$ cat data.cif   # mmCIF, C-alpha atoms
data_input
#
loop_
_atom_site.label_atom_id
_atom_site.label_comp_id
_atom_site.auth_asym_id
_atom_site.auth_seq_id
_atom_site.Cartn_x
_atom_site.Cartn_y
_atom_site.Cartn_z
CA MET A 527 171.43 18.07 173.70
CA ASP A 528 168.19 19.82 174.49
CA LEU A 529 165.61 17.13 173.84
CA GLU A 530 162.75 19.27 175.09
CA LEU A 531 163.47 21.94 172.50
CA MET A 532 163.64 19.29 169.78
CA ILE A 533 160.24 17.89 170.74
CA ASN A 534 158.68 21.33 171.15
CA SER A 535 159.94 22.59 167.82
CA LEU A 536 158.80 19.51 165.91
CA PRO A 537 155.15 20.57 165.37
CA LYS A 538 156.20 24.05 164.24
CA LEU A 539 158.75 22.62 161.83
CA LEU A 540 156.30 20.04 160.52
CA SER A 541 153.69 22.65 159.69
CA ALA A 542 156.43 24.69 158.00
CA ALA A 543 157.34 21.60 156.00
CA LEU A 544 153.82 21.73 154.54
CA ILE A 545 154.61 25.19 153.15
CA THR A 546 157.83 23.80 151.68
CA LEU A 547 155.85 21.00 150.02
CA LYS A 548 153.29 23.47 148.70
CA LEU A 549 155.99 25.69 147.21
CA LEU A 550 157.67 22.63 145.73
CA SER A 551 154.61 21.08 144.14
CA VAL A 552 153.21 24.30 142.65
CA SER A 553 156.56 25.29 141.15
CA LEU A 554 157.21 21.77 139.85
CA ILE A 555 153.87 21.67 138.04
CA ILE A 556 154.38 25.08 136.42
CA GLY A 557 158.03 24.24 135.75
CA LEU A 558 157.12 21.02 134.01
CA PHE A 559 154.97 22.90 131.49
CA ILE A 560 157.68 25.51 130.96
CA GLY A 561 160.25 22.75 130.57
CA LEU A 562 158.19 20.84 128.04
CA LEU A 563 157.51 23.99 126.05
CA PHE A 564 161.17 24.97 125.91
CA ALA A 565 162.31 21.41 125.16
CA ILE A 566 160.03 21.47 122.11
CA LEU A 567 161.36 24.91 121.13
CA ARG A 568 164.89 23.56 121.39
CA LEU A 569 164.05 20.87 118.84
CA ASN A 570 162.66 23.50 116.48
CA LYS A 571 164.72 23.97 113.32
CA ASN A 572 164.24 27.75 113.24
CA ILE A 573 167.53 29.14 114.49
CA PHE A 574 166.01 32.10 116.38
CA VAL A 575 163.51 29.96 118.27
CA ASN A 576 166.26 27.49 119.01
CA LYS A 577 168.72 30.11 120.26
CA PHE A 578 166.03 31.76 122.36
CA ALA A 579 165.25 28.49 124.13
CA TYR A 580 168.95 27.78 124.59
CA GLY A 581 169.53 31.28 125.98
CA TYR A 582 166.74 30.82 128.50
CA SER A 583 168.12 27.57 129.84
CA TYR A 584 171.70 28.91 129.80
CA VAL A 585 170.86 32.01 131.82
CA PHE A 586 168.73 30.23 134.39
CA ARG A 587 171.21 27.39 134.84
CA GLY A 588 174.24 29.68 134.93
CA THR A 589 173.08 32.03 137.68
CA PRO A 590 172.31 31.27 141.33
CA LEU A 591 168.67 30.77 142.27
CA LEU A 592 169.09 33.46 144.93
CA VAL A 593 169.83 36.09 142.26
CA GLN A 594 166.75 35.02 140.32
CA ILE A 595 164.49 35.35 143.36
CA PHE A 596 165.95 38.75 144.24
CA ILE A 597 165.54 40.06 140.69
CA ILE A 598 161.90 39.00 140.65
CA TYR A 599 161.02 40.02 144.20
CA PHE A 600 163.05 43.21 144.67
CA GLY A 601 163.80 44.13 141.06
CA LEU A 602 160.51 43.85 139.21
CA GLY A 603 158.67 45.94 141.80
CA GLN A 604 160.84 48.84 140.73
CA ILE A 605 159.29 49.07 137.28
CA GLU A 606 156.53 51.68 137.56
CA TYR A 607 154.60 50.27 134.63
CA LEU A 608 154.27 46.84 136.24
CA ARG A 609 152.80 48.38 139.36
CA SER A 610 149.82 49.67 137.41
CA THR A 611 148.97 46.35 135.75
CA PHE A 612 147.15 43.36 137.16
CA LEU A 613 150.52 41.58 137.42
CA TRP A 614 151.24 43.64 140.50
CA VAL A 615 148.66 41.65 142.46
CA ILE A 616 150.92 38.62 141.94
CA LEU A 617 154.31 40.33 142.11
CA LYS A 618 153.75 42.05 145.41
CA GLU A 619 153.33 38.72 147.15
CA PRO A 620 156.66 37.14 148.17
CA TYR A 621 154.97 33.73 147.92
CA TRP A 622 154.21 34.13 144.21
CA CYS A 623 157.56 35.74 143.46
CA ALA A 624 159.29 32.73 144.97
CA ILE A 625 157.09 30.38 142.95
CA ILE A 626 157.77 32.27 139.70
CA ALA A 627 161.53 32.10 140.35
CA PHE A 628 161.42 28.41 141.27
CA ALA A 629 159.23 27.53 138.29
CA LEU A 630 161.47 29.37 135.83
CA ASN A 631 164.54 27.78 137.37
CA THR A 632 163.27 24.22 137.41
CA GLY A 633 161.77 24.83 133.95
CA ALA A 634 165.25 25.50 132.59
CA TYR A 635 166.67 22.29 134.03
CA THR A 636 163.61 20.28 133.02
CA SER A 637 163.86 21.55 129.45
CA GLU A 638 167.43 20.22 129.28
CA ILE A 639 166.41 16.88 130.72
CA LEU A 640 163.47 16.50 128.32
CA ARG A 641 165.46 17.70 125.33
CA SER A 642 168.12 15.06 125.81
CA ALA A 643 165.37 12.48 126.34
CA PHE A 644 163.73 13.49 123.03
CA GLN A 645 167.06 13.24 121.28
CA THR A 646 167.76 9.72 122.52
CA ILE A 647 164.51 8.34 121.08
CA LYS A 648 165.53 6.00 118.30
CA PRO A 649 164.45 7.27 114.85
CA GLY A 650 163.21 3.76 114.13
CA ILE A 651 160.38 4.19 116.62
CA ILE A 652 159.15 7.33 114.88
CA GLU A 653 159.53 5.70 111.47
CA ALA A 654 157.57 2.70 112.70
CA GLY A 655 154.79 5.05 113.74
CA LYS A 656 154.83 6.74 110.37
CA SER A 657 154.70 3.46 108.48
CA LEU A 658 151.60 2.55 110.48
CA GLY A 659 150.00 5.65 108.99
CA ILE A 660 149.82 7.59 112.25
CA SER A 661 149.82 11.35 111.85
CA ASN A 662 152.83 13.37 113.01
CA LYS A 663 150.83 15.04 115.73
CA ILE A 664 149.71 11.76 117.24
CA ILE A 665 153.20 10.31 116.93
CA PHE A 666 154.43 13.25 118.95
CA TYR A 667 151.79 13.12 121.68
CA LYS A 668 151.29 9.37 121.95
CA ILE A 669 154.76 8.04 121.18
CA GLN A 670 157.49 10.63 121.62
CA ILE A 671 156.23 12.34 124.77
CA PRO A 672 155.54 9.14 126.76
CA ILE A 673 158.94 7.68 125.83
CA ALA A 674 160.70 10.95 126.65
CA ILE A 675 159.00 11.13 130.03
CA ARG A 676 160.03 7.60 130.87
CA GLN A 677 163.61 8.25 129.74
CA SER A 678 163.91 11.37 131.84
CA LEU A 679 162.46 9.93 135.08
CA PRO A 680 165.81 9.30 136.87
CA ALA A 681 167.20 12.73 135.99
CA TYR A 682 163.89 14.39 136.83
CA GLY A 683 163.90 12.67 140.22
CA ASN A 684 167.22 14.36 140.96
CA GLU A 685 165.79 17.65 139.81
CA ILE A 686 162.84 17.31 142.20
CA ILE A 687 165.22 16.77 145.11
CA LEU A 688 167.41 19.72 144.04
CA MET A 689 164.30 21.85 143.77
CA MET A 690 163.13 20.78 147.21
CA LYS A 691 166.44 22.05 148.56
CA GLY A 692 166.03 25.16 146.44
CA THR A 693 162.71 26.06 148.09
CA SER A 694 164.72 26.81 151.24
CA LEU A 695 165.68 30.09 149.55
CA ALA A 696 162.08 31.24 149.92
CA SER A 697 163.06 32.03 153.50
CA THR A 698 165.22 34.90 152.20
CA VAL A 699 162.10 36.70 150.97
CA THR A 700 160.26 36.44 154.30
CA ILE A 701 158.38 33.19 153.63
CA MET A 702 158.31 30.98 156.70
CA ASP A 703 159.05 27.62 155.09
CA LEU A 704 160.91 24.81 156.86
CA THR A 705 164.29 26.59 156.64
CA GLY A 706 162.74 29.93 157.56
CA VAL A 707 161.17 28.55 160.72
CA ALA A 708 164.35 26.60 161.54
CA LYS A 709 166.38 29.79 161.26
CA TYR A 710 163.89 31.64 163.44
CA ILE A 711 164.09 28.98 166.15
CA ILE A 712 167.90 28.91 165.93
CA SER A 713 168.21 32.66 166.25
CA THR A 714 165.87 32.84 169.24
CA THR A 715 167.21 29.83 171.16
CA PHE A 716 170.84 29.68 169.99
CA LYS A 717 170.63 25.91 169.77
CA PRO A 718 171.65 25.34 166.12
CA ILE A 719 172.55 21.66 166.39
CA GLU A 720 169.24 20.51 167.88
CA VAL A 721 167.17 22.45 165.35
CA PHE A 722 169.39 21.30 162.50
CA ILE A 723 168.86 17.66 163.48
CA VAL A 724 165.06 18.01 163.52
CA ALA A 725 164.73 20.16 160.39
CA GLY A 726 167.40 18.14 158.58
CA SER A 727 165.57 14.89 159.39
CA ILE A 728 162.35 16.27 157.96
CA TYR A 729 164.17 17.26 154.76
CA LEU A 730 165.86 13.84 154.58
CA PHE A 731 162.53 12.13 155.09
CA MET A 732 161.03 14.08 152.19
CA THR A 733 164.08 13.26 150.03
CA PHE A 734 163.65 9.60 150.93
CA ILE A 735 159.97 9.60 149.92
CA ILE A 736 160.63 11.40 146.62
CA HIS A 737 163.50 9.04 145.84
CA ASN A 738 161.35 5.96 146.41
CA VAL A 739 158.34 7.27 144.49
CA ILE A 740 160.58 7.91 141.47
CA LYS A 741 162.15 4.47 141.82
CA PHE A 742 158.68 2.92 141.92
CA LEU A 743 157.61 4.86 138.81
CA GLU A 744 160.81 3.83 137.01
CA LYS A 745 160.07 0.19 137.72
CA LYS A 746 156.42 0.50 136.78
CA TYR A 747 157.15 2.10 133.44
CA SER A 748 160.32 0.20 132.57
CA PHE A 749 160.49 -1.17 129.06
CA ASN A 750 161.30 -4.74 129.96
CA MET B 308 176.49 53.22 133.54
CA GLU B 309 177.39 55.88 136.07
CA LEU B 310 176.42 53.43 138.76
CA LEU B 311 179.24 51.16 137.69
CA ALA B 312 181.97 53.83 137.68
CA PHE B 313 185.13 53.03 139.56
CA GLY B 314 186.09 55.19 142.50
CA LYS B 315 183.84 57.01 144.94
CA THR B 316 181.03 57.83 142.55
CA GLY B 317 180.11 54.32 141.45
CA TRP B 318 180.01 50.71 142.47
CA GLY B 319 182.40 49.35 139.83
CA ASP B 320 185.43 48.81 142.03
CA GLU B 321 183.36 47.41 144.90
CA LEU B 322 181.69 44.91 142.60
CA PHE B 323 185.04 44.01 141.06
CA ILE B 324 186.51 43.22 144.47
CA ALA B 325 183.33 41.31 145.37
CA THR B 326 183.74 39.21 142.23
CA LEU B 327 187.32 38.40 143.25
CA MET B 328 185.93 37.46 146.67
CA THR B 329 183.41 35.09 145.08
CA ILE B 330 186.21 33.44 143.10
CA ALA B 331 188.40 33.19 146.21
CA VAL B 332 185.62 31.64 148.31
CA SER B 333 184.71 29.21 145.53
CA ILE B 334 188.27 28.02 145.07
CA THR B 335 188.85 27.70 148.81
CA ALA B 336 185.57 25.81 149.20
CA MET B 337 186.45 23.52 146.32
CA ILE B 338 189.84 22.71 147.90
CA ILE B 339 188.24 22.10 151.31
CA GLY B 340 185.76 19.88 149.47
CA PHE B 341 188.62 17.88 147.97
CA PHE B 342 190.00 17.25 151.45
CA PHE B 343 186.59 15.99 152.54
CA ALA B 344 186.44 13.82 149.44
CA LEU B 345 189.91 12.48 150.20
CA ILE B 346 188.65 11.32 153.60
CA PHE B 347 185.18 10.12 152.66
CA THR B 348 185.77 8.44 149.29
CA PRO B 349 187.91 5.66 150.84
CA LEU B 350 185.30 5.32 153.60
CA LYS B 351 182.53 4.87 151.04
CA LEU B 352 184.56 2.33 149.11
CA SER B 353 185.66 0.50 152.24
CA LYS B 354 184.37 -2.99 152.93
CA ASN B 355 184.15 -2.25 156.63
CA LYS B 356 180.48 -1.68 157.48
CA ILE B 357 181.06 1.08 160.03
CA PHE B 358 183.34 3.06 157.71
CA ASN B 359 180.88 2.55 154.93
CA PHE B 360 178.04 3.84 157.09
CA ILE B 361 179.99 6.98 158.02
CA GLY B 362 180.82 7.69 154.38
CA ASN B 363 177.27 7.14 153.20
CA SER B 364 175.77 9.24 155.99
CA TYR B 365 177.93 12.20 155.03
CA THR B 366 176.95 12.21 151.38
CA THR B 367 173.29 11.39 152.03
CA VAL B 368 172.76 14.03 154.71
CA ILE B 369 174.59 16.82 152.91
CA ARG B 370 172.97 16.11 149.57
CA GLY B 371 169.51 15.77 151.11
CA VAL B 372 169.49 18.89 153.28
CA PRO B 373 169.30 22.44 151.84
CA GLU B 374 172.58 24.31 151.60
CA LEU B 375 171.11 27.23 153.48
CA LEU B 376 170.38 25.05 156.51
CA VAL B 377 173.99 23.80 156.57
CA ILE B 378 175.20 27.39 156.38
CA TYR B 379 172.94 28.44 159.26
CA LEU B 380 174.21 25.49 161.31
CA LEU B 381 177.83 26.53 160.82
CA PHE B 382 177.14 30.23 161.08
CA PHE B 383 175.29 29.96 164.39
CA GLY B 384 176.99 26.82 165.66
CA GLY B 385 180.54 27.31 164.39
CA THR B 386 181.58 29.85 166.98
CA GLY B 387 180.17 27.72 169.77
CA ALA B 388 181.96 24.62 168.54
CA VAL B 389 185.32 26.38 168.18
CA MET B 390 184.97 27.96 171.61
CA TYR B 391 184.11 24.59 173.11
CA VAL B 392 187.24 23.02 171.60
CA ALA B 393 189.29 26.01 172.75
CA SER B 394 187.91 25.72 176.27
CA ILE B 395 189.21 22.14 176.44
CA PHE B 396 192.64 23.59 175.87
CA GLY B 397 192.02 26.20 178.55
CA TYR B 398 191.18 29.21 176.37
CA ASN B 399 187.94 30.76 177.55
CA GLU B 400 187.70 34.06 175.75
CA TYR B 401 185.24 34.90 173.02
CA ILE B 402 186.43 33.83 169.60
CA GLU B 403 184.94 35.37 166.53
CA ILE B 404 185.33 33.33 163.39
CA ASN B 405 185.95 35.13 160.16
CA ALA B 406 182.97 35.10 157.76
CA PHE B 407 185.26 33.98 154.96
CA ILE B 408 186.37 30.88 156.85
CA THR B 409 182.84 29.96 157.98
CA GLY B 410 181.50 30.48 154.47
CA ALA B 411 184.25 28.61 152.69
CA PHE B 412 183.99 25.80 155.20
CA ALA B 413 180.20 25.51 154.84
CA ILE B 414 180.32 25.49 151.06
CA GLY B 415 183.36 23.18 151.26
CA ILE B 416 181.40 20.59 153.23
CA ILE B 417 178.63 20.70 150.62
CA SER B 418 180.98 20.61 147.65
CA GLY B 419 182.90 17.78 149.34
CA ALA B 420 179.81 15.57 149.36
CA TYR B 421 179.38 16.03 145.61
CA SER B 422 183.12 15.52 144.96
CA THR B 423 183.05 12.33 147.03
CA GLU B 424 180.29 10.93 144.83
CA VAL B 425 182.22 11.89 141.70
CA PHE B 426 185.46 10.26 142.86
CA ARG B 427 183.65 7.16 144.06
CA GLY B 428 182.00 6.77 140.68
CA ALA B 429 185.25 7.37 138.83
CA ILE B 430 187.26 4.88 140.88
CA GLN B 431 184.54 2.26 140.60
CA SER B 432 184.45 2.59 136.84
CA ILE B 433 188.17 1.90 136.49
CA ASP B 434 188.76 -1.57 135.18
CA LYS B 435 189.74 -4.12 137.82
CA GLY B 436 192.63 -5.21 135.64
CA GLN B 437 194.30 -1.86 136.19
CA PHE B 438 194.52 -2.48 139.94
CA GLU B 439 195.92 -5.95 139.32
CA ALA B 440 198.37 -4.69 136.69
CA ALA B 441 199.60 -2.04 139.13
CA LYS B 442 200.21 -4.78 141.68
CA THR B 443 202.06 -7.01 139.23
CA LEU B 444 204.36 -4.12 138.35
CA GLY B 445 205.64 -4.40 141.90
CA LEU B 446 204.66 -0.86 142.85
CA ASN B 447 203.94 -0.24 146.51
CA LYS B 448 200.44 0.85 147.56
CA PHE B 449 201.39 4.52 147.31
CA GLY B 450 202.81 4.16 143.82
CA GLN B 451 199.85 2.05 142.72
CA PHE B 452 197.43 4.76 143.72
CA PHE B 453 199.31 7.87 142.60
CA LYS B 454 200.90 6.55 139.40
CA ILE B 455 198.24 4.26 138.01
CA ILE B 456 194.82 4.83 139.57
CA LEU B 457 194.73 8.57 140.24
CA PRO B 458 195.60 9.77 136.69
CA GLN B 459 192.88 7.57 135.26
CA THR B 460 190.42 8.67 137.95
CA LEU B 461 191.10 12.31 137.12
CA ARG B 462 190.33 11.79 133.46
CA LEU B 463 186.98 10.22 134.32
CA ALA B 464 186.24 12.68 137.13
CA ILE B 465 186.97 16.02 135.44
CA PRO B 466 183.72 16.33 133.45
CA ASN B 467 181.69 15.66 136.60
CA LEU B 468 183.95 17.81 138.76
CA SER B 469 183.18 20.68 136.43
CA ASN B 470 179.53 20.27 137.44
CA VAL B 471 180.57 20.31 141.09
CA TRP B 472 182.52 23.51 140.43
CA GLN B 473 179.47 25.15 138.87
CA ILE B 474 177.32 24.12 141.85
CA THR B 475 179.97 25.40 144.28
CA LEU B 476 180.29 28.71 142.45
CA LYS B 477 176.54 29.27 142.55
CA ASP B 478 176.28 28.11 146.18
CA THR B 479 178.67 30.83 147.30
CA SER B 480 175.84 33.31 146.69
CA LEU B 481 174.16 31.80 149.76
CA ILE B 482 176.92 32.78 152.16
CA SER B 483 175.93 36.40 151.60
CA VAL B 484 173.52 35.70 154.50
CA THR B 485 176.53 35.50 156.81
CA GLY B 486 177.66 38.98 155.82
CA LEU B 487 180.67 38.09 153.68
CA VAL B 488 180.91 40.75 150.98
CA GLU B 489 180.84 38.72 147.77
CA ILE B 490 178.88 39.49 144.59
CA MET B 491 175.46 38.91 146.11
CA ARG B 492 176.11 40.83 149.31
CA GLN B 493 177.69 43.73 147.46
CA SER B 494 174.73 43.92 145.09
CA TYR B 495 172.41 43.89 148.09
CA ILE B 496 174.31 46.80 149.64
CA ALA B 497 174.42 48.71 146.36
CA ALA B 498 170.74 48.02 145.66
CA GLY B 499 169.84 49.25 149.12
CA SER B 500 171.72 52.51 148.93
CA THR B 501 170.82 53.41 145.33
CA ARG B 502 167.26 52.01 145.41
CA ASP B 503 167.96 50.31 142.13
CA PRO B 504 167.70 46.58 142.89
CA LEU B 505 166.69 45.62 139.35
CA PHE B 506 169.92 46.94 137.88
CA PHE B 507 172.27 45.58 140.53
CA TYR B 508 170.75 42.12 140.81
CA SER B 509 170.69 41.82 137.02
CA PHE B 510 174.31 42.90 136.98
CA ALA B 511 175.08 40.25 139.61
CA ALA B 512 173.44 37.69 137.32
CA VAL B 513 175.67 38.84 134.47
CA LEU B 514 178.76 38.50 136.68
CA TYR B 515 177.78 34.96 137.63
CA LEU B 516 177.11 34.09 134.00
CA LEU B 517 180.53 35.45 133.08
CA LEU B 518 182.16 33.35 135.80
CA THR B 519 180.39 30.15 134.77
CA PHE B 520 181.17 30.83 131.11
CA LEU B 521 184.88 31.46 131.72
CA SER B 522 185.25 28.46 134.00
CA MET B 523 183.65 26.24 131.35
CA LYS B 524 186.28 27.41 128.85
CA ILE B 525 189.12 26.61 131.26
CA ILE B 526 187.66 23.24 132.23
CA ASN B 527 187.26 22.23 128.59
CA LYS B 528 190.99 22.82 128.13
CA LEU B 529 191.78 20.72 131.20
CA GLU B 530 189.57 17.95 129.89
CA LEU B 531 191.50 17.88 126.63
CA LYS B 532 194.77 17.77 128.53
CA TYR B 533 193.77 14.82 130.69
CA SER B 534 192.21 12.80 127.92
CA LYS B 535 195.41 12.67 125.89
CA GLY B 536 195.85 9.26 124.38
CA TYR B 537 192.15 8.42 124.39
#
$ encode --input "data.cif" --output "structure tokens"
Amino acid sequence: MDLELMINSLPKLLSAALITLKLLSVSLIIGLFIGLLFAILRLNKNIFVNKFAYGYSYVFRGTPLLVQIFIIYFGLGQIEYLRSTFLWVILKEPYWCAIIAFALNTGAYTSEILRSAFQTIKPGIIEAGKSLGISNKIIFYKIQIPIAIRQSLPAYGNEIILMMKGTSLASTVTIMDLTGVAKYIISTTFKPIEVFIVAGSIYLFMTFIIHNVIKFLEKKYSFN
Amino acid sequence: MELLAFGKTGWGDELFIATLMTIAVSITAMIIGFFFALIFTPLKLSKNKIFNFIGNSYTTVIRGVPELLVIYLLFFGGTGAVMYVASIFGYNEYIEINAFITGAFAIGIISGAYSTEVFRGAIQSIDKGQFEAAKTLGLNKFGQFFKIILPQTLRLAIPNLSNVWQITLKDTSLISVTGLVEIMRQSYIAAGSTRDPLFFYSFAAVLYLLLTFLSMKIINKLELKYSKGY
């Protein structure tokens, strides 16, 4: 055990963990909007809209995240037309490519989580709202969405943790996140176990925090 | 389409072999994972605190740390560890571990943590009466487990194991970083030499979709088979 290396690499790994957190939070926020949008599309009765939303979640859940990042980072740059548009400003940055891939990926999972939450809302609750003379729009925003969010908290907590692990793939497109820096230190010092312990502990610590925050929210918003 | 031709002109045969490699690594990893689950599920269910701690640490650490980090650990640390063990037995030469074995082992450790959780959940949800009934039938411990508990566990575990299989299948894309030529690595090579990454990575996505789709079909059949009588 090389304790000195572990202590020396800690500050570098901690500052890299900030990049991991940044990637995670930005993609989660964008992904949540995408997820909500597609969950609503899934509930749409129009068969084309419905199939489109299903196709999106099927493709993004059925392929590895690594393929998605590579298609966006290496693949989209190949299209000449894209290079001439303003989108190129975003797509030439590995940071934004990673975020787009993560957001689309987590959006697909989130849409499934929210959809099943919407479907488990008892019809009685919606009927009760209607009988009180509340408009459909307000029923949706003030009754269905809050209940669905509460229902999906445990599953969404898992998704956040999975996504946090997923951000490690950003290191494959040259972003120096926690895994990227850990790999760099491993390949320059050839001390994989020490670095793994430090980087792994940081990841576990973040998992622990996320887990407890979700647990707290679940308790706070429980129905009883 | 020319890019996908079989033979020397296209990448069809290479990608086909790479797909077989992905399937082979996934199945090997899944089996290695089952061995891990076989060891760690009893530990997690044990009443002994130390055993319990070991079992819980395994599943918590592996499920809380990114797969890529575990792969790097084994990729860079695996050779060292094997050489250290070999040196105890007096063998001091350089040993190179096959990328297939490292990869399958890394993914196996990860898949094992998920399988352990699935088996633990399945065993815990079996009615206590079943254990008692097995005892009253006068079966020995072996017979109790294999004849009564395991078949019921399998029925409960298969739907969740299918999720583990999907995760394992997708995780194998990560071992392309170790140089094993599976779908992802082959697409990377093809994309590099033809300068057409969009096509090859999209094709890789299609291959993965095909694999997940086909495995779902097979698993659904298995599920039907094991839920006979329910």
$ atom_distance --input "data.cif" --atom1 "CA of Phe731 (chain A)" --atom2 "CA of Ile701 (chain A)"
21.5 Å
$ resolve_selection --input "data.cif" --expression "the PyMOL selection byres ((chain B) within 6 of (chain A))" --output "PDB file with C-alpha atoms, keeping the file's coordinate frame"
ATOM      1  CA  GLY B 371     169.510  15.770 151.110  1.00  0.00           C
ATOM      2  CA  VAL B 372     169.490  18.890 153.280  1.00  0.00           C
ATOM      3  CA  PRO B 373     169.300  22.440 151.840  1.00  0.00           C
ATOM      4  CA  LEU B 380     174.210  25.490 161.310  1.00  0.00           C
ATOM      5  CA  GLY B 384     176.990  26.820 165.660  1.00  0.00           C
ATOM      6  CA  LYS B 477     176.540  29.270 142.550  1.00  0.00           C
ATOM      7  CA  PRO B 504     167.700  46.580 142.890  1.00  0.00           C
ATOM      8  CA  LEU B 505     166.690  45.620 139.350  1.00  0.00           C
ATOM      9  CA  TYR B 508     170.750  42.120 140.810  1.00  0.00           C
ATOM     10  CA  ALA B 512     173.440  37.690 137.320  1.00  0.00           C
ATOM     11  CA  TYR B 515     177.780  34.960 137.630  1.00  0.00           C
ATOM     12  CA  LEU B 516     177.110  34.090 134.000  1.00  0.00           C
TER      13      LEU B 516
END
$ atom_distance --input "data.cif" --atom1 "CA of Leu547 (chain A)" --atom2 "CA of Phe628 (chain A)"
12.7 Å
$ atom_distance --input "data.cif" --atom1 "CA of Phe383 (chain B)" --atom2 "CA of Met491 (chain B)"
20.4 Å
$ residues_around --input "data.cif" --residues "Ala654 (chain A)" --least-positions-apart "5" --cutoff "12 Å" --atoms "all atoms listed in the file" --output "list in words"
Lys648, Pro649, Gly659, Ile660, Ser661, Asn662, Ile665, Ile669 and Gln670 of chain A
$ residues_around --input "data.cif" --residues "Glu424 (chain B)" --least-positions-apart "5" --cutoff "9 Å" --atoms "all atoms listed in the file" --output "ChimeraX atom specification"
/B:344,348,351,366,419,429
$ write_last_selection --input "data.cif" --atoms "C-alpha atoms" --output "PDB file, in the coordinates of the input"
ATOM      1  CA  ALA B 344     186.440  13.820 149.440  1.00  0.00           C
ATOM      2  CA  THR B 348     185.770   8.440 149.290  1.00  0.00           C
ATOM      3  CA  LYS B 351     182.530   4.870 151.040  1.00  0.00           C
ATOM      4  CA  THR B 366     176.950  12.210 151.380  1.00  0.00           C
ATOM      5  CA  GLY B 419     182.900  17.780 149.340  1.00  0.00           C
ATOM      6  CA  ALA B 429     185.250   7.370 138.830  1.00  0.00           C
TER       7      ALA B 429
END
$ residues_around --input "data.cif" --residues "Gly428 (chain B)" --least-positions-apart "2" --cutoff "12 Å" --atoms "only C-alpha atoms" --output "VMD selection string"
chain B and resid 348 to 349 351 to 352 421 to 426 430 to 433 460 to 461 463 to 465 467 to 468
$ closest_residue --input "data.cif" --among "A:Arg568, A:Lys745, A:Lys577, A:Lys548" --to "Gln645 (chain A)" --atoms "all atoms listed in the file"
A:Arg568
$ closest_residue --input "data.cif" --among "A:Thr700, A:Ser657, A:Asn570, A:Thr715" --to "Leu531 (chain A)" --atoms "only C-alpha atoms"
A:Thr715
$ resolve_selection --input "data.cif" --expression "the PyMOL selection byres ((chain B and resi 338) around 12)" --output "list of chain:residue names"
B:Ala331, B:Val332, B:Ser333, B:Ile334, B:Thr335, B:Ala336, B:Met337, B:Ile339, B:Gly340, B:Phe341, B:Phe342, B:Phe343, B:Ala344, B:Leu345, B:Ala411, B:Phe412, B:Ile414, B:Gly415, B:Ile416, B:Ile417, B:Ser418, B:Gly419, B:Ser422, B:Leu468, B:Val471, B:Trp472, B:Thr475
$ closest_residue --input "data.cif" --among "B:Met328, B:Leu531, B:Ile490, B:Ile456" --to "Val513 (chain B)" --atoms "all atoms listed in the file"
B:Ile490
